[in-house]
file work-v4.txt (compact mmCIF, C-alpha atoms)
# COMPACT_ATOMS: atom_id res chain seq x y z
CA MET A 7 49.94 51.98 -137.77
CA ILE A 8 53.14 53.10 -136.08
CA ARG A 9 51.70 56.63 -136.11
CA LEU A 10 48.55 55.45 -134.38
CA PHE A 11 50.65 53.66 -131.77
CA TRP A 12 52.66 56.78 -130.96
CA ARG A 13 49.56 58.94 -130.98
CA ASP A 14 47.84 56.66 -128.46
CA LEU A 15 50.92 56.64 -126.24
CA ALA A 16 51.19 60.43 -126.46
CA LEU A 17 47.52 60.80 -125.57
CA ALA A 18 47.87 58.44 -122.61
CA PHE A 19 50.83 60.35 -121.16
CA ARG A 20 49.34 63.84 -121.58
CA SER A 21 46.94 65.40 -119.13
CA GLY A 22 43.66 63.54 -118.97
CA GLY A 23 45.22 60.40 -120.42
CA GLY A 24 44.82 56.98 -118.89
CA PHE A 25 48.41 56.42 -117.85
CA GLY A 26 48.81 55.94 -114.11
CA LEU A 27 45.11 55.30 -113.55
CA GLY A 28 45.48 51.54 -113.44
CA LEU A 29 48.79 51.72 -111.61
CA GLY A 30 47.34 54.04 -108.97
CA PHE A 31 44.38 51.74 -108.44
CA PHE A 32 46.67 48.70 -108.13
CA LEU A 33 48.82 50.54 -105.59
CA ILE A 34 45.84 51.63 -103.50
CA LEU A 35 44.30 48.16 -103.49
CA VAL A 36 47.48 46.40 -102.47
CA THR A 37 48.36 48.89 -99.73
CA LEU A 38 44.84 48.69 -98.29
CA VAL A 39 44.67 44.90 -98.14
CA PRO A 40 47.07 44.52 -95.15
CA PHE A 41 44.99 47.06 -93.23
CA GLY A 42 41.84 45.13 -93.95
CA VAL A 43 43.19 41.63 -93.38
CA GLY A 44 45.55 42.43 -90.50
CA PRO A 45 49.32 42.33 -90.25
CA ASN A 46 49.56 38.56 -89.80
CA SER A 47 52.33 37.74 -92.29
CA GLU A 48 51.34 34.06 -92.61
CA ARG A 49 47.86 34.99 -93.72
CA LEU A 50 49.06 37.73 -96.08
CA MET A 51 51.57 35.36 -97.63
CA ALA A 52 48.78 32.89 -98.38
CA ILE A 53 46.51 35.39 -100.11
CA ALA A 54 49.21 37.53 -101.80
CA PRO A 55 49.21 35.77 -105.22
CA GLY A 56 45.44 36.02 -105.51
CA ILE A 57 45.31 39.66 -104.35
CA LEU A 58 48.05 40.71 -106.77
CA TRP A 59 46.31 39.09 -109.74
CA VAL A 60 42.84 40.35 -108.81
CA GLY A 61 44.33 43.82 -108.39
CA ALA A 62 46.02 43.68 -111.79
CA LEU A 63 42.79 42.52 -113.39
CA LEU A 64 40.63 45.25 -111.86
CA ALA A 65 43.24 47.91 -112.59
CA CYS A 66 43.20 46.84 -116.22
CA LEU A 67 39.39 46.89 -116.34
CA LEU A 68 39.34 50.46 -115.08
CA SER A 69 40.84 51.97 -118.21
CA LEU A 70 39.33 49.64 -120.81
CA ASP A 71 36.37 51.72 -121.90
CA ARG A 72 38.73 54.51 -122.94
CA ILE A 73 40.25 52.37 -125.70
CA PHE A 74 37.53 53.09 -128.26
CA ALA A 75 34.91 55.26 -126.53
CA LEU A 76 36.99 58.46 -126.71
CA ASP A 77 37.74 57.95 -130.40
CA PHE A 78 34.09 57.15 -131.04
CA GLU A 79 32.87 60.32 -129.33
CA ASP A 80 35.17 62.75 -131.16
CA GLY A 81 34.64 61.10 -134.54
CA SER A 82 38.18 59.72 -134.91
CA LEU A 83 36.89 56.17 -135.13
CA ASP A 84 34.81 57.02 -138.23
CA LEU A 85 37.87 58.58 -139.80
CA LEU A 86 40.13 55.66 -138.84
CA ALA A 87 37.60 53.26 -140.35
CA THR A 88 37.82 55.13 -143.68
CA ALA A 89 41.63 55.46 -143.46
CA PRO A 90 43.97 53.10 -145.31
CA ILE A 91 44.78 51.17 -142.11
CA PRO A 92 42.83 47.91 -141.71
CA LEU A 93 40.49 48.13 -138.73
CA GLU A 94 41.99 44.91 -137.35
CA GLY A 95 45.34 46.71 -137.25
CA VAL A 96 43.74 49.67 -135.48
CA VAL A 97 42.38 47.34 -132.80
CA ALA A 98 45.69 45.49 -132.37
CA VAL A 99 47.68 48.72 -132.12
CA LYS A 100 45.27 50.27 -129.63
CA ALA A 101 45.27 47.12 -127.49
CA LEU A 102 49.07 47.11 -127.55
CA ALA A 103 49.19 50.77 -126.53
CA HIS A 104 46.74 49.98 -123.72
CA TRP A 105 49.01 47.19 -122.52
CA ILE A 106 52.08 49.43 -122.54
CA THR A 107 50.33 52.16 -120.56
CA THR A 108 48.47 49.84 -118.16
CA GLY A 109 49.79 46.26 -118.13
CA LEU A 110 53.52 46.91 -118.36
CA PRO A 111 53.65 49.40 -115.42
CA LEU A 112 51.80 46.79 -113.33
CA VAL A 113 54.41 44.16 -114.20
CA LEU A 114 57.21 46.51 -113.18
CA ALA A 115 55.51 47.67 -109.97
CA ALA A 116 54.37 44.23 -108.85
CA PRO A 117 57.55 43.16 -106.98
CA ALA A 118 57.43 46.26 -104.76
CA LEU A 119 53.79 45.59 -104.00
CA GLY A 120 54.47 41.89 -103.45
CA PHE A 121 56.83 43.00 -100.70
CA LEU A 122 53.97 44.83 -98.97
CA LEU A 123 51.99 41.58 -98.95
CA HIS A 124 54.87 39.45 -97.60
CA LEU A 125 54.99 37.48 -100.80
CA ASP A 126 57.26 34.45 -100.56
CA SER A 127 60.73 35.32 -101.87
CA ALA A 128 60.70 32.32 -104.24
CA ALA A 129 57.55 33.69 -105.89
CA TYR A 130 58.82 37.09 -107.11
CA ARG A 131 60.27 35.63 -110.26
CA TRP A 132 57.00 33.87 -111.11
CA LEU A 133 54.96 36.93 -110.24
CA MET A 134 56.87 38.93 -112.86
CA VAL A 135 56.77 36.15 -115.45
CA THR A 136 53.08 35.41 -115.07
CA LEU A 137 52.07 39.09 -115.15
CA LEU A 138 54.24 39.65 -118.19
CA ILE A 139 52.63 36.73 -120.01
CA GLY A 140 49.09 37.23 -118.72
CA THR A 141 48.46 40.98 -118.92
CA PRO A 142 48.56 41.21 -122.75
CA ALA A 143 45.55 38.86 -122.75
CA LEU A 144 43.76 41.27 -120.39
CA SER A 145 44.32 44.15 -122.83
CA PHE A 146 43.28 42.23 -125.94
CA ILE A 147 40.21 40.61 -124.37
CA GLY A 148 39.36 44.01 -122.95
CA ALA A 149 39.70 45.66 -126.36
CA PHE A 150 37.18 43.15 -127.68
CA GLY A 151 34.77 43.99 -124.85
CA ALA A 152 35.29 47.71 -125.46
CA ALA A 153 34.61 47.23 -129.18
CA LEU A 154 31.35 45.40 -128.46
CA THR A 155 30.06 48.24 -126.30
CA VAL A 156 31.56 51.18 -128.23
CA GLY A 157 28.27 52.61 -129.46
CA LEU A 158 26.54 52.46 -126.09
CA LYS A 159 26.31 55.36 -123.71
CA ARG A 160 27.62 54.31 -120.30
CA GLY A 161 28.51 50.89 -121.64
CA GLY A 162 31.05 50.32 -118.86
CA LEU A 163 28.84 48.06 -116.77
CA LEU A 164 27.87 45.88 -119.71
CA MET A 165 31.50 45.72 -120.79
CA SER A 166 32.59 44.57 -117.32
CA LEU A 167 29.95 41.84 -117.37
CA LEU A 168 31.13 40.70 -120.80
CA VAL A 169 34.82 40.85 -120.06
CA LEU A 170 35.14 39.53 -116.51
CA PRO A 171 34.14 35.90 -117.29
CA LEU A 172 36.74 35.92 -120.08
CA TYR A 173 39.37 37.14 -117.61
CA ILE A 174 38.79 34.29 -115.17
CA PRO A 175 41.01 31.65 -116.84
CA THR A 176 43.92 34.09 -116.97
CA LEU A 177 43.35 34.91 -113.31
CA ILE A 178 43.19 31.28 -112.23
CA PHE A 179 46.31 30.21 -114.10
CA GLY A 180 48.19 33.35 -113.08
CA ALA A 181 47.54 32.93 -109.37
CA GLU A 182 48.25 29.20 -109.69
CA VAL A 183 51.68 29.83 -111.22
CA ILE A 184 52.66 32.10 -108.34
CA ARG A 185 51.31 29.68 -105.71
CA ARG A 186 53.17 26.72 -107.22
CA GLY A 187 56.29 28.80 -107.75
CA ALA A 188 56.26 29.88 -104.11
CA GLY A 189 55.92 26.26 -103.01
CA GLY A 190 58.71 25.10 -105.28
CA PHE A 191 56.47 22.96 -107.50
CA LEU A 192 56.48 22.68 -111.28
CA VAL A 193 54.79 25.65 -112.98
CA ALA A 194 54.98 24.56 -116.61
CA THR A 195 51.34 23.49 -117.02
CA PRO A 196 49.53 26.61 -115.75
CA LEU A 197 52.14 28.84 -117.39
CA ALA A 198 51.65 27.12 -120.74
CA MET A 199 47.86 27.40 -120.42
CA GLN A 200 48.14 31.08 -119.65
CA ALA A 201 50.54 31.69 -122.54
CA GLY A 202 48.09 29.82 -124.79
CA ILE A 203 45.22 32.10 -123.73
CA THR A 204 47.36 35.16 -124.41
CA ALA A 205 48.52 33.91 -127.81
CA GLY A 206 44.97 33.00 -128.81
CA SER A 207 43.58 36.39 -127.71
CA VAL A 208 46.29 38.35 -129.51
CA ALA A 209 45.80 36.34 -132.70
CA LEU A 210 42.00 36.15 -132.90
CA LEU A 211 40.35 38.94 -130.96
CA PRO A 212 41.47 41.88 -133.17
CA PHE A 213 39.36 40.35 -135.95
CA ALA A 214 36.33 39.92 -133.68
CA ALA A 215 36.74 43.44 -132.29
CA ALA A 216 37.05 44.96 -135.78
CA ALA A 217 33.83 43.22 -136.82
CA ALA A 218 32.09 44.58 -133.72
CA ILE A 219 33.26 48.12 -134.48
CA ARG A 220 32.02 47.89 -138.07
CA VAL A 221 28.57 47.00 -136.80
CA ALA A 222 28.68 49.81 -134.25
CA LEU A 223 29.59 52.42 -136.87
CA ARG A 224 26.70 51.62 -139.20
CA MET B 22 36.83 60.31 -165.71
CA LYS B 23 34.21 58.81 -163.41
CA LEU B 24 35.44 58.63 -159.84
CA ILE B 25 32.36 57.32 -158.15
CA SER B 26 29.27 55.77 -159.68
CA VAL B 27 26.03 55.07 -157.84
CA LYS B 28 23.43 52.72 -159.30
CA ASN B 29 19.92 52.15 -157.99
CA LEU B 30 21.11 52.84 -154.45
CA THR B 31 18.89 52.54 -151.40
CA VAL B 32 20.33 53.64 -148.09
CA ALA B 33 18.97 52.74 -144.68
CA ARG B 34 19.24 54.22 -141.24
CA GLY B 35 18.54 51.92 -138.31
CA GLY B 36 17.32 49.25 -140.72
CA MET B 37 14.67 51.52 -142.32
CA PRO B 38 15.27 52.73 -145.90
CA VAL B 39 15.41 56.53 -146.05
CA LEU B 40 16.41 57.22 -149.67
CA GLU B 41 15.83 54.89 -152.60
CA GLY B 42 16.46 54.66 -156.32
CA LEU B 43 19.48 56.96 -156.37
CA ASN B 44 21.51 57.06 -159.61
CA PHE B 45 24.36 59.47 -160.17
CA ASP B 46 28.00 59.68 -161.22
CA VAL B 47 30.67 62.04 -159.99
CA SER B 48 33.56 62.74 -162.35
CA THR B 49 36.84 64.57 -162.11
CA GLY B 50 36.42 68.29 -161.48
CA GLU B 51 32.78 67.99 -160.46
CA ILE B 52 31.01 69.15 -157.31
CA LEU B 53 27.78 67.52 -156.30
CA VAL B 54 25.85 69.47 -153.69
CA LEU B 55 23.20 67.47 -151.84
CA ARG B 56 20.18 69.34 -150.64
CA GLY B 57 17.07 68.31 -148.78
CA PRO B 58 15.34 68.93 -145.47
CA ASN B 59 16.75 67.73 -142.14
CA GLY B 60 16.37 64.01 -141.57
CA VAL B 61 15.83 63.14 -145.22
CA GLY B 62 18.98 60.98 -145.25
CA LYS B 63 21.83 63.12 -146.56
CA THR B 64 24.21 62.00 -143.81
CA THR B 65 23.17 58.37 -144.27
CA LEU B 66 23.89 58.66 -148.00
CA LEU B 67 27.31 60.22 -147.35
CA ARG B 68 28.22 57.53 -144.79
CA THR B 69 27.26 54.87 -147.33
CA LEU B 70 29.42 56.55 -149.99
CA ALA B 71 32.31 56.65 -147.52
CA GLY B 72 31.93 52.92 -146.90
CA LEU B 73 31.01 53.25 -143.24
CA GLN B 74 27.78 51.35 -143.81
CA PRO B 75 26.76 48.92 -146.53
CA PRO B 76 24.14 49.89 -149.14
CA TYR B 77 20.67 48.54 -148.39
CA GLU B 78 20.23 47.89 -152.11
CA GLY B 79 22.13 48.80 -155.25
CA THR B 80 25.83 49.53 -155.66
CA VAL B 81 28.43 52.21 -155.08
CA ASP B 82 31.28 51.77 -157.56
CA ALA B 83 34.53 53.46 -156.66
CA ALA B 84 38.16 52.45 -156.74
CA PRO B 85 39.56 51.56 -153.31
CA ASP B 86 40.98 54.50 -151.32
CA THR B 87 38.97 57.04 -153.29
CA VAL B 88 36.93 58.74 -150.61
CA ALA B 89 38.01 61.12 -147.85
CA TYR B 90 35.17 61.63 -145.40
CA ALA B 91 34.55 64.55 -143.06
CA ALA B 92 31.54 64.65 -140.79
CA HIS B 93 30.14 66.81 -138.02
CA ALA B 94 32.81 65.59 -135.59
CA ASP B 95 36.32 66.56 -136.61
CA GLY B 96 38.17 63.70 -134.90
CA LEU B 97 40.60 66.02 -133.15
CA LYS B 98 42.47 65.17 -129.98
CA SER B 99 42.28 68.12 -127.62
CA THR B 100 45.61 67.45 -125.90
CA LEU B 101 47.58 67.27 -129.15
CA THR B 102 48.62 70.46 -130.90
CA VAL B 103 47.24 71.52 -134.28
CA ARG B 104 50.46 70.36 -135.93
CA GLU B 105 50.46 67.00 -134.13
CA ASN B 106 46.83 66.35 -135.06
CA LEU B 107 47.53 67.05 -138.70
CA MET B 108 50.85 65.17 -138.68
CA PHE B 109 49.04 62.10 -137.35
CA TRP B 110 46.51 62.05 -140.18
CA ALA B 111 49.20 62.84 -142.75
CA GLY B 112 51.15 59.86 -141.39
CA VAL B 113 48.13 57.57 -141.57
CA TYR B 114 47.58 58.55 -145.21
CA GLY B 115 51.20 58.15 -146.27
CA GLY B 116 53.18 60.84 -144.45
CA ARG B 117 53.34 63.83 -146.72
CA ASP B 118 53.90 67.51 -146.14
CA ILE B 119 51.33 69.27 -143.96
CA GLU B 120 52.53 72.83 -144.62
CA PRO B 121 50.22 73.51 -147.61
CA ALA B 122 47.22 72.40 -145.54
CA LEU B 123 48.22 74.65 -142.62
CA ARG B 124 48.74 77.56 -145.00
CA ASP B 125 45.55 77.18 -147.02
CA PHE B 126 43.37 77.04 -143.93
CA ASN B 127 45.25 79.89 -142.23
CA LEU B 128 46.38 77.69 -139.32
CA ASP B 129 50.07 78.65 -139.41
CA SER B 130 49.88 80.94 -136.39
CA LEU B 131 47.91 78.34 -134.42
CA SER B 132 50.06 75.33 -135.22
CA GLU B 133 51.57 74.91 -131.73
CA ARG B 134 48.30 75.45 -129.85
CA PRO B 135 46.57 72.40 -128.31
CA ALA B 136 43.46 71.62 -130.34
CA GLY B 137 41.40 71.80 -127.14
CA ASN B 138 42.08 75.56 -126.93
CA LEU B 139 40.78 76.34 -130.41
CA SER B 140 37.43 77.97 -131.11
CA ALA B 141 34.72 75.97 -132.84
CA GLY B 142 35.49 77.58 -136.19
CA GLN B 143 39.23 76.99 -135.83
CA LYS B 144 38.58 73.33 -134.99
CA ARG B 145 36.43 73.06 -138.09
CA ARG B 146 39.22 74.55 -140.19
CA LEU B 147 41.64 72.00 -138.78
CA GLY B 148 39.13 69.22 -139.51
CA LEU B 149 38.89 70.41 -143.12
CA ALA B 150 42.66 70.83 -143.42
CA ARG B 151 42.85 67.10 -142.70
CA LEU B 152 41.20 66.49 -146.10
CA MET B 153 44.17 68.06 -147.85
CA VAL B 154 46.68 65.64 -146.29
CA THR B 155 44.63 62.56 -147.27
CA HIS B 156 45.40 63.05 -150.98
CA ARG B 157 42.23 61.21 -151.91
CA PRO B 158 40.31 62.27 -155.03
CA VAL B 159 36.74 62.42 -153.74
CA TRP B 160 35.94 64.57 -150.72
CA VAL B 161 32.67 63.54 -149.07
CA LEU B 162 31.68 66.35 -146.74
CA ASP B 163 28.78 66.58 -144.35
CA GLU B 164 27.86 70.19 -143.55
CA PRO B 165 31.47 71.40 -143.84
CA THR B 166 30.71 75.08 -143.24
CA VAL B 167 29.07 74.72 -139.82
CA SER B 168 30.59 77.30 -137.41
CA LEU B 169 32.80 78.85 -140.11
CA ASP B 170 32.77 82.64 -140.59
CA VAL B 171 32.61 84.30 -144.02
CA ALA B 172 36.38 84.51 -144.40
CA SER B 173 36.81 80.84 -143.47
CA VAL B 174 34.08 79.78 -145.89
CA ALA B 175 36.07 81.58 -148.58
CA LEU B 176 39.22 79.68 -147.54
CA PHE B 177 37.27 76.45 -147.71
CA ALA B 178 35.80 77.29 -151.13
CA ALA B 179 39.28 78.11 -152.41
CA ALA B 180 40.60 74.78 -151.10
CA VAL B 181 37.77 72.89 -152.81
CA LYS B 182 38.45 74.71 -156.09
CA ALA B 183 42.16 73.88 -155.89
CA HIS B 184 41.26 70.27 -155.18
CA LEU B 185 38.99 70.13 -158.26
CA ALA B 186 41.64 71.77 -160.42
CA SER B 187 44.08 69.01 -159.44
CA GLY B 188 41.69 66.33 -160.66
CA GLY B 189 39.55 65.76 -157.59
CA ALA B 190 35.83 65.87 -156.98
CA ALA B 191 33.58 66.65 -154.04
CA ILE B 192 30.20 65.57 -152.75
CA ILE B 193 28.93 68.10 -150.22
CA ALA B 194 25.79 68.24 -148.14
CA THR B 195 25.25 71.91 -147.36
CA HIS B 196 22.56 74.56 -147.17
CA ILE B 197 24.62 77.61 -148.10
CA GLN B 198 25.78 78.88 -151.47
CA LEU B 199 29.50 78.26 -151.79
CA GLY B 200 29.85 80.23 -155.00
CA PHE B 201 31.17 77.72 -157.49
CA GLU B 202 29.76 75.86 -160.41
CA GLU B 203 28.09 72.97 -158.75
CA THR B 204 25.56 70.37 -159.69
CA VAL B 205 22.72 70.64 -157.21
CA PHE B 206 21.11 67.33 -156.39
CA ASP B 207 17.95 67.58 -154.34
CA VAL B 208 17.42 64.20 -152.69
CA THR B 209 13.87 64.94 -151.49
CA PRO B 210 12.10 63.16 -154.41
CA TYR B 211 14.04 59.99 -153.61
CA LYS B 212 12.63 59.70 -150.11
CA ALA B 213 11.84 56.04 -149.49
CA ARG B 214 8.15 55.20 -149.52
CA MET B 215 6.94 53.95 -146.21
CA ASP B 216 3.84 52.21 -147.55
CA VAL B 217 5.81 49.52 -149.37
CA VAL B 218 5.87 46.24 -147.48
CA ARG B 219 9.42 44.92 -147.37
CA ASP B 220 9.42 41.22 -146.67
CA ASP B 221 13.11 41.05 -145.78
CA PHE B 222 12.78 43.13 -142.63
CA ASP B 223 15.16 41.51 -140.19
CA GLU B 224 15.48 43.79 -137.23
CA ALA B 225 16.75 40.95 -135.07
CA PHE B 226 20.00 40.92 -137.02
CA LEU B 227 20.75 44.63 -137.05

call {"tool": "encode", "arguments": {"input": "work-v4.txt", "output": "structure tokens"}}
result
Amino acid sequence: MIRLFWRDLALAFRSGGGFGLGLGFFLILVTLVPFGVGPNSERLMAIAPGILWVGALLACLLSLDRIFALDFEDGSLDLLATAPIPLEGVVAVKALAHWITTGLPLVLAAPALGFLLHLDSAAYRWLMVTLLIGTPALSFIGAFGAALTVGLKRGGLLMSLLVLPLYIPTLIFGAEVIRRGAGGFLVATPLAMQAGITAGSVALLPFAAAAAIRVALR
Amino acid sequence: MKLISVKNLTVARGGMPVLEGLNFDVSTGEILVLRGPNGVGKTTLLRTLAGLQPPYEGTVDAAPDTVAYAAHADGLKSTLTVRENLMFWAGVYGGRDIEPALRDFNLDSLSERPAGNLSAGQKRRLGLARLMVTHRPVWVLDEPTVSLDVASVALFAAAVKAHLASGGAAIIATHIQLGFEETVFDVTPYKARMDVVRDDFDEAFL
């Protein structure tokens, strides 16, 4: 499983890999928003938490269909399914590799982009914390969506429709944590809810995704 | 020693049975060559033997981790080198030496090339070299000689012979003569009858 993890990371960083795709999209979105909304710092400050979370979510969505579709097309998924690694482990490792190449760069880049949106200085800490806790859920829920649509040609649209409703709780709690943190209120409740969603996704969805892949391979 | 034993097997593609009533055993040192026209269900049978799909009826008895499967797609990553591709699969199957596999399939001189730059035949050779690093007794191969030239077919035949000599077995769907003592199994007579009404047809759950 460690081998699979390193292989996925190596593939993501080589030419044609997915690394930087999500980050680039996030960067473009956040730099364009002030042009669209206007330079009024009060207004930007009010919408910054929401924009940052929506941007992270869409950036994550962009690279999801690569998780299994590429392996399905070149036959690797068949071979992995017959290999001595449990398919649940394959899913978990691939979702983790997706998070490291997509979610983690977003967490690290977010403060710089928060600055562009005049994010309240008290909120930076919570922006980092909530992205760090929330983005693994995006990768694991996304891996489940990708597994459900793996056998379909051009399944990206269907996958987005399946995955986006599942992303909404993470989005709501994430933006709420930043908003409360910026205002100096208690953040424990939304943060705990978000952490619960992440923990639940990481624990349960690899099993659901593995079952979906088994059906797709038949 | 029996490595894989098939009893009264029916295999289905897309919910429709394609081959039925199959009974055969494959023992150590044996090669079973499947023959039959296109679309008769050879690939479906091999996928069932590999455990990628459940039998429609009947049983496939084999110890766990018996079968190494190779299909039309080689499962290569074009941005990884030949060595990295093979190292990955060797690692997945327990991390053993890949040098014999590189040598036997004449890939030594190509080992640092990205797999995306290989010709179709070279990719195929790499896909077959993967079988050697799995160290599994039964090779289940679907048209392994596609896009191989005469010399490469000879390399492949030699690798299969060495595998059999070390106690393995192979089940191969192919149309060419590989030049070893094989049991030919024509699956055409086992084609599933379409006029039988099957009352358990449950397309809604496929």

call {"tool": "closest_residue", "arguments": {"input": "work-v4.txt", "among": "A:Val135, A:Leu163, A:Leu86, A:Val169", "to": "chain B", "atoms": "all atoms listed in the file"}}
result
A:Leu86

call {"tool": "closest_atom_pairs", "arguments": {"input": "work-v4.txt", "of": "chain A", "to": "chain B", "cutoff": "9 Å", "atoms": "all atoms listed in the file", "output": "tab-separated table"}}
result
residue	atom	partner	partner_atom	distance
A:Met7	CA	B:Val113	CA	7.0
A:Ile8	CA	B:Val113	CA	8.7
A:Arg9	CA	B:Phe109	CA	6.2
A:Leu10	CA	B:Phe109	CA	7.3
A:Arg13	CA	B:Phe109	CA	7.1
A:Ala16	CA	B:Leu101	CA	8.2
A:Leu17	CA	B:Thr100	CA	6.9
A:Arg20	CA	B:Thr100	CA	6.8
A:Ser21	CA	B:Thr100	CA	7.2
A:Gly22	CA	B:Thr100	CA	8.2
A:Gly23	CA	B:Thr100	CA	8.9
A:Asp77	CA	B:Gly96	CA	7.3
A:Phe78	CA	B:Gly96	CA	8.6
A:Glu79	CA	B:Ala94	CA	8.2
A:Asp80	CA	B:Gly96	CA	4.9
A:Gly81	CA	B:Gly96	CA	4.4
A:Ser82	CA	B:Gly96	CA	4.0
A:Leu83	CA	B:Gly96	CA	7.6
A:Asp84	CA	B:Leu73	CA	7.3
A:Leu85	CA	B:Tyr90	CA	6.9
A:Leu86	CA	B:Val113	CA	8.7
A:Ala87	CA	B:Leu73	CA	7.2
A:Thr88	CA	B:Ala71	CA	6.9
A:Ala89	CA	B:Tyr114	CA	6.9
A:Pro90	CA	B:Tyr114	CA	6.5
A:Ile91	CA	B:Val113	CA	7.2
A:Arg220	CA	B:Leu73	CA	7.5
A:Val221	CA	B:Leu227	CA	8.2
A:Leu223	CA	B:Leu73	CA	6.6
A:Arg224	CA	B:Gln74	CA	4.7

call {"tool": "residues_near_point", "arguments": {"input": "work-v4.txt", "point": "(48.8, 73.7, -134.7)", "cutoff": "9 Å", "atoms": "all atoms listed in the file", "output": "ChimeraX atom specification"}}
result
/B:101-107,123,128-136,147

call {"tool": "residues_near_point", "arguments": {"input": "work-v4.txt", "point": "(58.7, 38.1, -109.1)", "cutoff": "10 Å", "atoms": "only C-alpha atoms", "output": "PyMOL selection string"}}
result
chain A and resi 113-114+116-118+120-121+125-137+184+187-188

call {"tool": "residues_around", "arguments": {"input": "work-v4.txt", "residues": "Pro158 (chain B)", "least_positions_apart": "6", "cutoff": "10 Å", "atoms": "all atoms listed in the file", "output": "ChimeraX atom specification"}}
result
/B:24-25,48-50,86-89,152,184-185,187-191

call {"tool": "atom_distance", "arguments": {"input": "work-v4.txt", "atom1": "CA of Glu203 (chain B)", "atom2": "CA of Ile52 (chain B)"}}
result
5.0 Å

call {"tool": "atom_distance", "arguments": {"input": "work-v4.txt", "atom1": "CA of Leu169 (chain B)", "atom2": "CA of Gly142 (chain B)"}}
result
4.9 Å

call {"tool": "atom_distance", "arguments": {"input": "work-v4.txt", "atom1": "CA of Leu197 (chain A)", "atom2": "CA of Ala181 (chain A)"}}
result
10.1 Å

call {"tool": "residues_around", "arguments": {"input": "work-v4.txt", "residues": "Val171 (chain B)", "least_positions_apart": "6", "cutoff": "12 Å", "atoms": "all atoms listed in the file", "output": "NGL selection string"}}
result
:B and (142 or 177-178 or 197-199)

call {"tool": "build_atoms", "arguments": {"input": "work-v4.txt", "residues": "region 197-207 of chain A", "atoms": "N, CA, C and O atoms", "output": "PDB file, in the frame of the given file"}}
result
ATOM      1  N   LEU A 197      51.485  27.781-116.620  1.00  0.00           N
ATOM      2  CA  LEU A 197      52.140  28.840-117.390  1.00  0.00           C
ATOM      3  C   LEU A 197      51.866  28.649-118.888  1.00  0.00           C
ATOM      4  O   LEU A 197      51.586  29.617-119.608  1.00  0.00           O
ATOM      5  N   ALA A 198      51.907  27.391-119.325  1.00  0.00           N
ATOM      6  CA  ALA A 198      51.650  27.120-120.740  1.00  0.00           C
ATOM      7  C   ALA A 198      50.199  27.428-121.087  1.00  0.00           C
ATOM      8  O   ALA A 198      49.901  27.978-122.147  1.00  0.00           O
ATOM      9  N   MET A 199      49.271  27.100-120.176  1.00  0.00           N
ATOM     10  CA  MET A 199      47.860  27.400-120.420  1.00  0.00           C
ATOM     11  C   MET A 199      47.655  28.902-120.540  1.00  0.00           C
ATOM     12  O   MET A 199      46.951  29.390-121.417  1.00  0.00           O
ATOM     13  N   GLN A 200      48.297  29.630-119.635  1.00  0.00           N
ATOM     14  CA  GLN A 200      48.140  31.080-119.650  1.00  0.00           C
ATOM     15  C   GLN A 200      48.740  31.682-120.928  1.00  0.00           C
ATOM     16  O   GLN A 200      48.137  32.558-121.553  1.00  0.00           O
ATOM     17  N   ALA A 201      49.903  31.194-121.312  1.00  0.00           N
ATOM     18  CA  ALA A 201      50.540  31.690-122.540  1.00  0.00           C
ATOM     19  C   ALA A 201      49.658  31.377-123.739  1.00  0.00           C
ATOM     20  O   ALA A 201      49.537  32.180-124.668  1.00  0.00           O
ATOM     21  N   GLY A 202      48.987  30.198-123.701  1.00  0.00           N
ATOM     22  CA  GLY A 202      48.090  29.820-124.790  1.00  0.00           C
ATOM     23  C   GLY A 202      46.916  30.779-124.894  1.00  0.00           C
ATOM     24  O   GLY A 202      46.530  31.193-125.991  1.00  0.00           O
ATOM     25  N   ILE A 203      46.344  31.151-123.733  1.00  0.00           N
ATOM     26  CA  ILE A 203      45.220  32.100-123.730  1.00  0.00           C
ATOM     27  C   ILE A 203      45.664  33.426-124.318  1.00  0.00           C
ATOM     28  O   ILE A 203      44.976  34.031-125.147  1.00  0.00           O
ATOM     29  N   THR A 204      46.853  33.881-123.904  1.00  0.00           N
ATOM     30  CA  THR A 204      47.360  35.160-124.410  1.00  0.00           C
ATOM     31  C   THR A 204      47.571  35.099-125.920  1.00  0.00           C
ATOM     32  O   THR A 204      47.135  35.987-126.666  1.00  0.00           O
ATOM     33  N   ALA A 205      48.224  34.027-126.377  1.00  0.00           N
ATOM     34  CA  ALA A 205      48.520  33.910-127.810  1.00  0.00           C
ATOM     35  C   ALA A 205      47.230  33.867-128.617  1.00  0.00           C
ATOM     36  O   ALA A 205      47.097  34.527-129.648  1.00  0.00           O
ATOM     37  N   GLY A 206      46.243  33.104-128.113  1.00  0.00           N
ATOM     38  CA  GLY A 206      44.970  33.000-128.810  1.00  0.00           C
ATOM     39  C   GLY A 206      44.260  34.354-128.867  1.00  0.00           C
ATOM     40  O   GLY A 206      43.726  34.752-129.911  1.00  0.00           O
ATOM     41  N   SER A 207      44.260  35.089-127.751  1.00  0.00           N
ATOM     42  CA  SER A 207      43.580  36.390-127.710  1.00  0.00           C
ATOM     43  C   SER A 207      44.235  37.363-128.676  1.00  0.00           C
ATOM     44  O   SER A 207      43.558  38.075-129.412  1.00  0.00           O
TER      45      SER A 207
END
